[in-house]
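Okay, structure first, notes after.
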Amino acid sequence: VRSLDGGATWGSPVVIGNGGNFVQFSHVVALPGTDKVYVSWEQFNVDKTRQLKMRVSTDAGATFGPGKTIGNVSPSGDGGSIAGGLDLLQGALRSGMEFGGFAVNPANGHLYAIYHSGTVTELDVFASGGKYRFSDIFFRKSSDEGTTWSAPVRVNKDPVKGKSDQFQPCLAVTNNGAKIGAIFYDRRTPGNYNMKLYFAGSTDEGTTWTNSARSGLFAPIVGAQDDFFLVGPTYMGDYNSPAADKSGTDNTHIIAAWGDNRLGNPDVRIEKITLP
């Protein structure tokens with residue numbers, strides 16, 4: 001749904017995606033100075049496969065072209081076998097949406113997608129198919145408005161076959177298009193339970209990434225903080241977000257906000273992070 005008067009009035013909704021079993025986790029981005037709008041989402045298919053999809057509008061969202069596929073993703077954690085298919089990580093924490101971030105480079109129009117996906121597995125009698133899926137963060141790029149996408153690049157820099165979860169990523173791009181910043185939760189700690197917020201930065205459009213921890217160590221807080229019957233007991237917030245200065249005045253920082261439990265209760269923290 002779009003507004004052409006700064007949100008005072010809104011037009012009728014336009015259906016973008018209705019395939020598969022259900023769709024969720026949509027993102028909307030626009031290329032500055034043009035009428036191009038890109039909408040992406042995750043599609044959950046009847047056969048239990050999952051895909052990242054998108055469509056393009058060239059008339060400011062009035063109409064959209066055909067659907068395009070960004071790529072496939074795999075469930076994390078228990079694979080949705082417990083608690084109604086929520087993909088629980090160890091510690092009964094919901095892994096959240098695979099499709100965490102979608103952005104357009106203001107300088108060249110390239111599209112970026114960041115997400116987590118299950119990779120390394122281990123035996124687990126409580127998980128779907130008897131396997132637990134440790135998740136990693138991946139990045140893809142398109143230089144042709146989503147028609148084709150690069151192979152996935154692994155963003156987190158812990159050992160490739162290390163048994164730890166990295167999840168809930170999101171990203172921001174500087175106004176000059178030179179730098180990308182991403183944040184995500186990271187469990188590269190003994191036992192795959194406690195976590196830190198990590199920052200990843202790239203200066204080559206996602207080909208290579210740096211990693212650095214941006215928070216102290218904290219544990220997931222689930223169940224006791226939420227009423228079991230009214231609010232999902234497996235949630236710890238999958239609503240983290242970074243932002244870049246769209247005015248172009250500052251192309252060396254992002255502002256990151258995330259959920260943080262280091263004081264024993266869920267808090268929102270914010271940091272101005274210097275990009276590489």
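Order determines the names: the first chain of the structure tokens is A, the second B, and so forth; residues in each chain are numbered 1 upward, and ligands are numbered 1 upward as they are shown.
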**Prompt:** So which residues touch A:Asn72 within 7 Å, counting only C-alpha atoms, skipping near sequence neighbours fewer than 3 positions away, as a list of chain:residue names?
**Reply:**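 Neighbouring residues, sequence-local ones excluded: A:Arg50, A:Gln51, A:Leu52.
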With a cut-off of 10 Å, could you pull out the residues of stretch 37-112 of chain A touching stretch 138-154 of chain A and give me the nearest pair of atoms for each, distance in Å to one decimal, using only C-alpha atoms, ordered by chain and ascending number, as a Markdown table?
| residue | atom | partner | partner_atom | distance |
| --- | --- | --- | --- | --- |
| A:Tyr38 | CA | A:Glu145 | CA | 8.5 |
| A:Ser40 | CA | A:Gly146 | CA | 10.0 |
| A:Lys53 | CA | A:Gly146 | CA | 9.3 |
| A:Met54 | CA | A:Gly146 | CA | 7.4 |
| A:Arg55 | CA | A:Gly146 | CA | 8.0 |
| A:Val56 | CA | A:Glu145 | CA | 7.5 |
| A:Gly67 | CA | A:Thr147 | CA | 9.4 |
| A:Lys68 | CA | A:Thr147 | CA | 6.4 |
| A:Thr69 | CA | A:Gly146 | CA | 7.7 |
| A:Ile70 | CA | A:Trp149 | CA | 6.3 |
| A:Gly71 | CA | A:Trp149 | CA | 7.9 |
| A:Val73 | CA | A:Phe138 | CA | 9.8 |
| A:Glu98 | CA | A:Phe138 | CA | 10.0 |
| A:Phe99 | CA | A:Phe138 | CA | 9.9 |
| A:Gly101 | CA | A:Phe139 | CA | 9.3 |
| A:Phe102 | CA | A:Arg140 | CA | 9.8 |
| A:Ala103 | CA | A:Lys141 | CA | 9.7 |
| A:Val104 | CA | A:Glu145 | CA | 9.4 |
| A:Asn105 | CA | A:Ser143 | CA | 9.9 |
| A:Asn108 | CA | A:Ser143 | CA | 8.3 |
| A:Gly109 | CA | A:Ser143 | CA | 7.2 |
| A:His110 | CA | A:Ser143 | CA | 4.7 |
| A:Leu111 | CA | A:Ser142 | CA | 5.1 |
| A:Tyr112 | CA | A:Lys141 | CA | 4.7 |
Item to complete: Using only C-alpha atoms, determine which residues lie at most 6 Å from stretch 121-123 of chain A, disregarding the query and same-chain residues fewer than 2 positions distant; provide the list as a PyMOL selection string.
Response: chain A and resi 130-133
From the list A:Gly80, A:Gly177, A:Pro276, A:Pro220, the nearest residue to A:Phe199 using only C-alpha atoms is A:Pro276
| task | Might you pull out every residue within 8 Å of A:Gly259, with only C-alpha atoms counted and same-chain residues fewer than 6 positions away left off, and present them as a PyMOL selection string? | result | chain A and resi 236-237+239-240+266-269
So that I can check the secondary structure, give me every residue of stretch 20-199 of chain A assigned strand (DSSP E or B) by backbone DSSP, as a PyMOL selection string.
chain A and resi 22-30+37-44+50-57+68-73+77+88-89+93-94+99-104+111-123+131-142+153-154+166-173+180-186+195-199
One decimal, Å: what's the distance from atom CA of A:Ala243 over to atom CA of A:Ala200, could you say?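 Atom CA of A:Ala200 lies 13.7 Å from atom CA of A:Ala243.
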For A:Ser215, list every protein, DNA or RNA residue within 8 Å, evaluated using only C-alpha atoms, and leave out those in the same chain fewer than 3 positions away; present the list as a ChimeraX atom specification. /A:196-198
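The residue that comes closest to A:Glu271, out of A:Val222, A:Val173, A:Val14, A:Ile183 and on the basis of only C-alpha atoms, is A:Ile183.
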Min atom-atom distance to A:Leu275 from the set A:Asn194, A:Thr249, A:Ser12, A:Thr174, counting only C-alpha atoms, belongs to A:Thr174
Taking only C-alpha atoms into account, which of A:Pro233, A:Ala8, A:Gly181, A:Val29 comes nearest A:His253?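 Among A:Pro233, A:Ala8, A:Gly181, A:Val29, it is A:Gly181 that comes nearest to A:His253.
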Please provide as a ChimeraX atom specification all residues within 7 Å of A:Asn176, with the sequence filter that same-chain residues fewer than 2 positions apart are discarded (counting only C-alpha atoms). /A:106-107,174,178,248,251
Original post:
For the atom pair atom CA of A:Asn265 and atom CA of A:Gly191, what is the interatomic distance in Å to one decimal place?
Top reply: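 If I compute the distance from atom CA of A:Asn265 to atom CA of A:Gly191, I get 21.2 Å.
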